[in-house]
file upload.tsv (TSV, C-alpha atoms)
chain	number	residue	atom	x	y	z
A	1	MET	CA	10.58	-9.72	10.49
A	2	LEU	CA	8.36	-9.59	7.45
A	3	GLN	CA	5.93	-6.69	7.84
A	4	ALA	CA	4.46	-5.99	4.38
A	5	ILE	CA	4.20	-7.57	0.94
A	6	ILE	CA	4.22	-5.80	-2.41
A	7	PHE	CA	2.98	-7.57	-5.54
A	8	ASP	CA	3.74	-6.89	-9.14
A	9	PHE	CA	0.57	-7.35	-11.20
A	10	ASP	CA	1.08	-8.52	-14.79
A	11	GLY	CA	2.90	-11.83	-14.77
A	12	VAL	CA	2.34	-12.41	-11.04
A	13	ILE	CA	-1.39	-12.08	-10.39
A	14	ALA	CA	-2.81	-11.79	-13.89
A	15	ASP	CA	-1.59	-13.87	-16.82
A	16	SER	CA	-2.02	-10.76	-18.96
A	17	GLU	CA	1.35	-10.38	-20.66
A	18	PRO	CA	0.09	-12.08	-23.88
A	19	LEU	CA	-2.73	-9.55	-24.02
A	20	HIS	CA	-0.36	-6.64	-23.40
A	21	TYR	CA	1.85	-7.92	-26.20
A	22	ALA	CA	-1.14	-8.17	-28.54
A	23	ALA	CA	-2.16	-4.62	-27.65
A	24	PHE	CA	1.33	-3.24	-28.23
A	25	GLN	CA	1.59	-5.15	-31.51
A	26	HIS	CA	-1.80	-3.86	-32.69
A	27	VAL	CA	-1.02	-0.21	-31.92
A	28	LEU	CA	2.52	-0.30	-33.27
A	29	ALA	CA	1.46	-1.97	-36.52
A	30	LYS	CA	-0.55	1.14	-37.32
A	31	GLU	CA	2.69	3.08	-36.86
A	32	HIS	CA	4.43	0.67	-39.26
A	33	ILE	CA	6.57	-0.73	-36.46
A	34	LEU	CA	6.90	-4.50	-36.12
A	35	LEU	CA	7.18	-5.85	-32.58
A	36	THR	CA	7.92	-9.56	-32.48
A	37	GLU	CA	6.95	-11.76	-29.57
A	38	THR	CA	10.59	-12.65	-28.92
A	39	GLU	CA	11.57	-8.99	-28.90
A	40	TYR	CA	8.76	-8.10	-26.51
A	41	TYR	CA	9.56	-10.83	-24.00
A	42	THR	CA	13.31	-10.23	-24.25
A	43	ASP	CA	13.52	-6.44	-24.17
A	44	TYR	CA	10.29	-4.92	-22.90
A	45	ILE	CA	8.80	-7.09	-20.16
A	46	GLY	CA	8.83	-5.12	-16.92
A	47	MET	CA	8.62	-1.71	-18.62
A	48	ASP	CA	5.56	0.45	-18.23
A	49	ASP	CA	3.69	1.61	-21.34
A	50	LYS	CA	5.50	4.95	-21.41
A	51	GLY	CA	8.92	3.32	-21.24
A	52	CYS	CA	8.05	0.68	-23.80
A	53	PHE	CA	6.67	3.08	-26.40
A	54	THR	CA	9.48	5.59	-25.81
A	55	THR	CA	12.17	2.95	-26.26
A	56	LEU	CA	10.52	1.44	-29.33
A	57	LEU	CA	10.05	4.77	-31.09
A	58	THR	CA	13.62	5.78	-30.32
A	59	ARG	CA	14.97	2.50	-31.66
A	60	HIS	CA	13.02	3.08	-34.86
A	61	HIS	CA	14.36	6.63	-35.22
A	62	ARG	CA	11.09	8.31	-34.28
A	63	THR	CA	10.72	11.29	-31.96
A	64	PRO	CA	8.88	10.15	-28.81
A	65	SER	CA	7.17	13.41	-27.87
A	66	SER	CA	4.91	13.48	-24.83
A	67	ALA	CA	1.83	13.94	-27.02
A	68	ILE	CA	2.69	11.00	-29.26
A	69	ILE	CA	3.39	8.71	-26.30
A	70	ALA	CA	0.16	9.71	-24.56
A	71	ASN	CA	-1.81	8.98	-27.73
A	72	LEU	CA	-0.24	5.53	-28.13
A	73	ILE	CA	-0.88	4.69	-24.48
A	74	GLN	CA	-4.53	5.66	-24.88
A	75	LYS	CA	-4.93	3.51	-27.99
A	76	LYS	CA	-3.32	0.54	-26.27
A	77	SER	CA	-5.56	0.97	-23.22
A	78	ILE	CA	-8.67	0.97	-25.41
A	79	TYR	CA	-7.59	-2.25	-27.13
A	80	PHE	CA	-6.72	-3.85	-23.77
A	81	HIS	CA	-10.10	-3.02	-22.25
A	82	GLN	CA	-11.95	-4.35	-25.30
A	83	HIS	CA	-10.25	-7.72	-25.00
A	84	VAL	CA	-9.43	-8.27	-21.32
A	85	THR	CA	-12.89	-9.51	-20.29
A	86	GLN	CA	-12.73	-12.17	-22.99
A	87	HIS	CA	-9.24	-13.32	-22.05
A	88	LEU	CA	-9.05	-12.73	-18.29
A	89	CYS	CA	-6.82	-15.36	-16.77
A	90	LEU	CA	-5.32	-15.46	-13.29
A	91	PHE	CA	-2.43	-17.69	-12.34
A	92	ASP	CA	-3.32	-20.89	-10.50
A	93	GLY	CA	-3.73	-20.46	-6.77
A	94	VAL	CA	-3.10	-16.71	-6.72
A	95	VAL	CA	-6.56	-15.76	-5.40
A	96	ASP	CA	-6.28	-18.05	-2.38
A	97	PHE	CA	-2.66	-16.96	-1.88
A	98	VAL	CA	-3.61	-13.27	-1.77
A	99	PHE	CA	-6.53	-13.93	0.59
A	100	MET	CA	-4.21	-15.86	2.91
A	101	LEU	CA	-1.57	-13.14	3.01
A	102	ALA	CA	-4.11	-10.35	3.50
A	103	LYS	CA	-5.17	-11.89	6.82
A	104	ARG	CA	-1.69	-11.30	8.25
A	105	TRP	CA	0.10	-8.55	6.33
A	106	PRO	CA	-0.76	-5.26	4.60
A	107	LEU	CA	-0.54	-5.73	0.84
A	108	ALA	CA	0.22	-3.34	-2.01
A	109	ILE	CA	0.55	-3.55	-5.77
A	110	VAL	CA	3.36	-1.78	-7.62
A	111	SER	CA	2.94	-2.19	-11.36
A	112	GLY	CA	3.78	-0.58	-14.65
A	113	ALA	CA	0.21	-1.18	-15.81
A	114	LEU	CA	-2.43	1.54	-15.84
A	115	ARG	CA	-4.61	1.85	-12.73
A	116	ASN	CA	-7.88	1.21	-14.58
A	117	GLU	CA	-6.45	-2.00	-16.04
A	118	ILE	CA	-5.35	-3.24	-12.62
A	119	GLU	CA	-8.60	-2.33	-10.90
A	120	LEU	CA	-10.69	-3.88	-13.67
A	121	ILE	CA	-9.02	-7.28	-13.33
A	122	LEU	CA	-8.79	-7.20	-9.52
A	123	GLY	CA	-12.46	-6.30	-9.34
A	124	LYS	CA	-13.48	-9.19	-11.57
A	125	ALA	CA	-11.29	-11.53	-9.50
A	126	GLY	CA	-12.72	-10.29	-6.19
A	127	LEU	CA	-9.28	-9.18	-5.00
A	128	LEU	CA	-9.54	-5.39	-5.05
A	129	ASP	CA	-10.30	-5.03	-1.33
A	130	SER	CA	-7.31	-7.21	-0.38
A	131	PHE	CA	-4.84	-4.46	-1.26
A	132	HIS	CA	-4.35	-1.33	0.83
A	133	THR	CA	-2.85	0.63	-2.06
A	134	ILE	CA	-2.03	0.43	-5.75
A	135	ILE	CA	0.91	2.25	-7.32
A	136	SER	CA	0.42	2.23	-11.08
A	137	ALA	CA	2.14	3.72	-14.11
A	138	GLU	CA	0.41	7.07	-13.56
A	139	ASP	CA	1.93	7.40	-10.08
A	140	VAL	CA	5.63	7.31	-10.96
A	141	THR	CA	8.07	9.30	-13.03
A	142	GLU	CA	10.46	6.39	-13.57
A	143	GLY	CA	9.37	2.80	-14.12
A	144	LYS	CA	11.19	-0.35	-13.01
A	145	PRO	CA	14.07	-1.01	-12.45
A	146	ASP	CA	13.95	2.39	-10.77
A	147	PRO	CA	12.88	1.86	-7.12
A	148	GLU	CA	10.47	4.82	-7.14
A	149	GLY	CA	7.30	2.72	-7.34
A	150	PHE	CA	8.33	0.38	-4.52
A	151	LEU	CA	9.26	3.25	-2.24
A	152	LYS	CA	5.96	5.00	-2.98
A	153	GLY	CA	4.11	1.77	-2.26
A	154	LEU	CA	5.87	1.45	1.09
A	155	GLY	CA	5.12	5.08	1.89
A	156	ALA	CA	1.45	4.57	1.10
A	157	LEU	CA	1.25	1.45	3.27
A	158	ASN	CA	2.78	3.35	6.17
A	159	ARG	CA	0.22	6.14	5.77
A	160	LEU	CA	-2.79	3.88	5.36
A	161	THR	CA	-2.22	1.16	7.94
A	162	MET	CA	-2.31	1.39	11.72
A	163	ARG	CA	0.86	-0.64	12.16
A	164	PRO	CA	4.25	0.68	13.30
A	165	THR	CA	6.33	2.18	10.50
A	166	VAL	CA	7.53	-0.53	8.12
A	167	GLN	CA	11.11	-0.34	6.86
A	168	ALA	CA	12.14	-1.33	3.34
A	169	LYS	CA	14.15	-4.28	4.67
A	170	GLU	CA	10.92	-5.64	6.20
A	171	CYS	CA	9.13	-5.78	2.82
A	172	LEU	CA	8.84	-8.70	0.44
A	173	VAL	CA	8.29	-7.95	-3.23
A	174	ILE	CA	6.79	-10.65	-5.47
A	175	GLU	CA	7.93	-10.19	-9.06
A	176	ASP	CA	8.25	-12.04	-12.35
A	177	SER	CA	10.72	-9.84	-14.22
A	178	ILE	CA	14.38	-8.88	-14.11
A	179	PRO	CA	13.63	-5.11	-13.94
A	180	GLY	CA	11.22	-5.82	-11.10
A	181	ILE	CA	13.80	-7.73	-9.08
A	182	ASN	CA	16.39	-5.03	-9.67
A	183	GLY	CA	13.93	-2.33	-8.63
A	184	ALA	CA	13.02	-4.18	-5.44
A	185	HIS	CA	16.66	-4.60	-4.50
A	186	ALA	CA	17.39	-0.95	-5.31
A	187	ALA	CA	14.60	-0.05	-2.85
A	188	GLY	CA	16.27	-2.18	-0.16
A	189	MET	CA	13.59	-4.90	-0.25
A	190	ARG	CA	13.81	-8.66	-0.56
A	191	CYS	CA	12.26	-10.33	-3.60
A	192	LEU	CA	10.49	-13.58	-4.36
A	193	ALA	CA	10.54	-14.27	-8.09
A	194	VAL	CA	7.94	-16.38	-9.90
A	195	THR	CA	8.99	-18.11	-13.12
A	196	ASN	CA	5.86	-17.16	-15.02
A	197	THR	CA	7.76	-15.07	-17.57
A	198	TYR	CA	11.49	-15.71	-17.17
A	199	SER	CA	13.43	-18.90	-16.50
A	200	PHE	CA	14.89	-19.91	-13.14
A	201	ASN	CA	18.38	-18.99	-14.33
A	202	ASP	CA	17.26	-15.56	-15.52
A	203	LEU	CA	15.83	-14.82	-12.07
A	204	ALA	CA	18.73	-16.26	-10.09
A	205	HIS	CA	19.56	-12.93	-8.44
A	206	ALA	CA	16.21	-12.90	-6.59
A	207	ASP	CA	16.25	-13.83	-2.89
A	208	ALA	CA	13.96	-16.78	-3.56
A	209	ILE	CA	12.38	-18.34	-6.65
A	210	THR	CA	9.26	-20.44	-7.19
A	211	ASP	CA	7.46	-21.81	-10.22
A	212	SER	CA	4.03	-21.11	-8.68
A	213	LEU	CA	2.34	-19.22	-5.86
A	214	GLU	CA	-0.22	-22.00	-5.48
A	215	LYS	CA	0.15	-23.39	-1.94
A	216	TYR	CA	3.44	-21.51	-1.56
A	217	ASP	CA	4.89	-21.72	1.98
A	218	ILE	CA	5.29	-18.06	2.87
A	219	ASN	CA	6.06	-18.91	6.50
A	220	ALA	CA	9.10	-20.95	5.50
A	221	LEU	CA	10.26	-18.07	3.30
A	222	GLU	CA	9.86	-15.59	6.15
A	223	GLU	CA	11.91	-17.80	8.43
A	224	LYS	CA	14.60	-18.21	5.80
A	225	LEU	CA	14.96	-14.56	4.75
A	226	TRP	CA	14.35	-12.77	8.01
A	227	SER	CA	16.39	-15.01	10.28
A	228	ILE	CA	19.57	-13.95	8.48
call {"tool": "encode", "arguments": {"input": "upload.tsv", "output": "structure tokens"}}
result
Amino acid sequence: MLQAIIFDFDGVIADSEPLHYAAFQHVLAKEHILLTETEYYTDYIGMDDKGCFTTLLTRHHRTPSSAIIANLIQKKSIYFHQHVTQHLCLFDGVVDFVFMLAKRWPLAIVSGALRNEIELILGKAGLLDSFHTIISAEDVTEGKPDPEGFLKGLGALNRLTMRPTVQAKECLVIEDSIPGINGAHAAGMRCLAVTNTYSFNDLAHADAITDSLEKYDINALEEKLWSI
């Protein structure tokens, strides 16, 4: 039986990947590193800021020290905050979808984004109180596809809700990226993929795929995946 639902954030709730790309591009340009849109969407979607900057610097033969990475993350966060209120865009139907699910299941967010970025957008969308817990980039050592974030999210839900202990196999993860799907499966969870970032074929290893969460039939999905 489905007992809890874990959302990714960027690319599932918020249509913020273009803004993240712009922020990465802006910061990296000052480091004389070119990040193309194709490269970002092919190689870096699903990574947290730390993983993205570390990989990029390494590929460009730079030394990704902790101090350098922290400085780049801070600069990107400043740019993101300056522009997010002007470009805030949620995917169609996601607000109603979250409200509907929150009436029945405990919800969490597990994201590679920074906590202040997530809370800023959720607050503006009126969704912050719908989630019992948020696991952000600051809360994990390893980003997706490592399962650490999903397992921490499940642990937090079990501590914060009054329900019987939820097992990983009773969780549904909603993701838009290949690393996200792989991380969910590594945590022992089932995954619904949304084709907001990748194509249907790219996400074929998810347990279910949809092109939109607007009016999505979660009851039919529960029956399909948990009657196996």
call {"tool": "residues_near_point", "arguments": {"input": "upload.tsv", "point": "(-1.1, 5.3, -9.3)", "cutoff": "7 Å", "atoms": "only C-alpha atoms", "output": "JSON, numbers by chain"}}
result
{"A": [115, 134, 135, 136, 137, 138, 139]}
call {"tool": "closest_residue", "arguments": {"input": "upload.tsv", "among": "A:Ala208, A:Val110, A:Val95, A:Ile218", "to": "A:Gly153", "atoms": "all atoms listed in the file"}}
result
A:Val110
call {"tool": "residues_around", "arguments": {"input": "upload.tsv", "residues": "A:Asn182", "least_positions_apart": "6", "cutoff": "8 Å", "atoms": "only C-alpha atoms", "output": "list in words"}}
result
Lys144, Pro145 and Asp146 of chain A
call {"tool": "atom_distance", "arguments": {"input": "upload.tsv", "atom1": "atom CA of A:Leu72", "atom2": "atom CA of A:Ala113"}}
result
14.0 Å
call {"tool": "closest_residue", "arguments": {"input": "upload.tsv", "among": "A:Gly143, A:Gly155, A:Gly126, A:Pro164", "to": "A:Cys52", "atoms": "only C-alpha atoms"}}
result
A:Gly143
call {"tool": "residues_around", "arguments": {"input": "upload.tsv", "residues": "A:Ala22", "least_positions_apart": "5", "cutoff": "10 Å", "atoms": "only C-alpha atoms", "output": "list in words"}}
result
Ser16, Glu17, Val27, Leu28, Leu35, Thr36, Glu37, Lys76, Tyr79, Phe80 and His83 of chain A
call {"tool": "atom_distance", "arguments": {"input": "upload.tsv", "atom1": "atom CA of A:Ile69", "atom2": "atom CA of A:Gln86"}}
result
26.6 Å
call {"tool": "atom_distance", "arguments": {"input": "upload.tsv", "atom1": "atom CA of A:His132", "atom2": "atom CA of A:Leu107"}}
result
5.8 Å
call {"tool": "residues_near_point", "arguments": {"input": "upload.tsv", "point": "(14.6, -7.3, -13.6)", "cutoff": "6 Å", "atoms": "only C-alpha atoms", "output": "CSV table (one decimal) with C-alpha atoms, in the coordinates of the input"}}
result
chain,number,residue,atom,x,y,z
A,177,SER,CA,10.7,-9.8,-14.2
A,178,ILE,CA,14.4,-8.9,-14.1
A,179,PRO,CA,13.6,-5.1,-13.9
A,180,GLY,CA,11.2,-5.8,-11.1
A,181,ILE,CA,13.8,-7.7,-9.1
A,182,ASN,CA,16.4,-5.0,-9.7
call {"tool": "residues_around", "arguments": {"input": "upload.tsv", "residues": "A:Thr210", "least_positions_apart": "4", "cutoff": "8 Å", "atoms": "all atoms listed in the file", "output": "list in words"}}
result
Leu192, Ala193, Val194 and Thr195 of chain A
call {"tool": "closest_residue", "arguments": {"input": "upload.tsv", "among": "A:Ala23, A:Met100, A:Ile109, A:Cys191", "to": "A:Glu222", "atoms": "only C-alpha atoms"}}
result
A:Cys191
call {"tool": "closest_residue", "arguments": {"input": "upload.tsv", "among": "A:Thr141, A:Ser65, A:Ser199, A:Ser111", "to": "A:Val12", "atoms": "all atoms listed in the file"}}
result
A:Ser111
call {"tool": "closest_residue", "arguments": {"input": "upload.tsv", "among": "A:Ala67, A:Leu128, A:Leu2, A:Cys171", "to": "A:Val98", "atoms": "all atoms listed in the file"}}
result
A:Leu128
call {"tool": "closest_residue", "arguments": {"input": "upload.tsv", "among": "A:Asp96, A:Asp217, A:Glu39, A:Glu117", "to": "A:Leu19", "atoms": "all atoms listed in the file"}}
result
A:Glu117
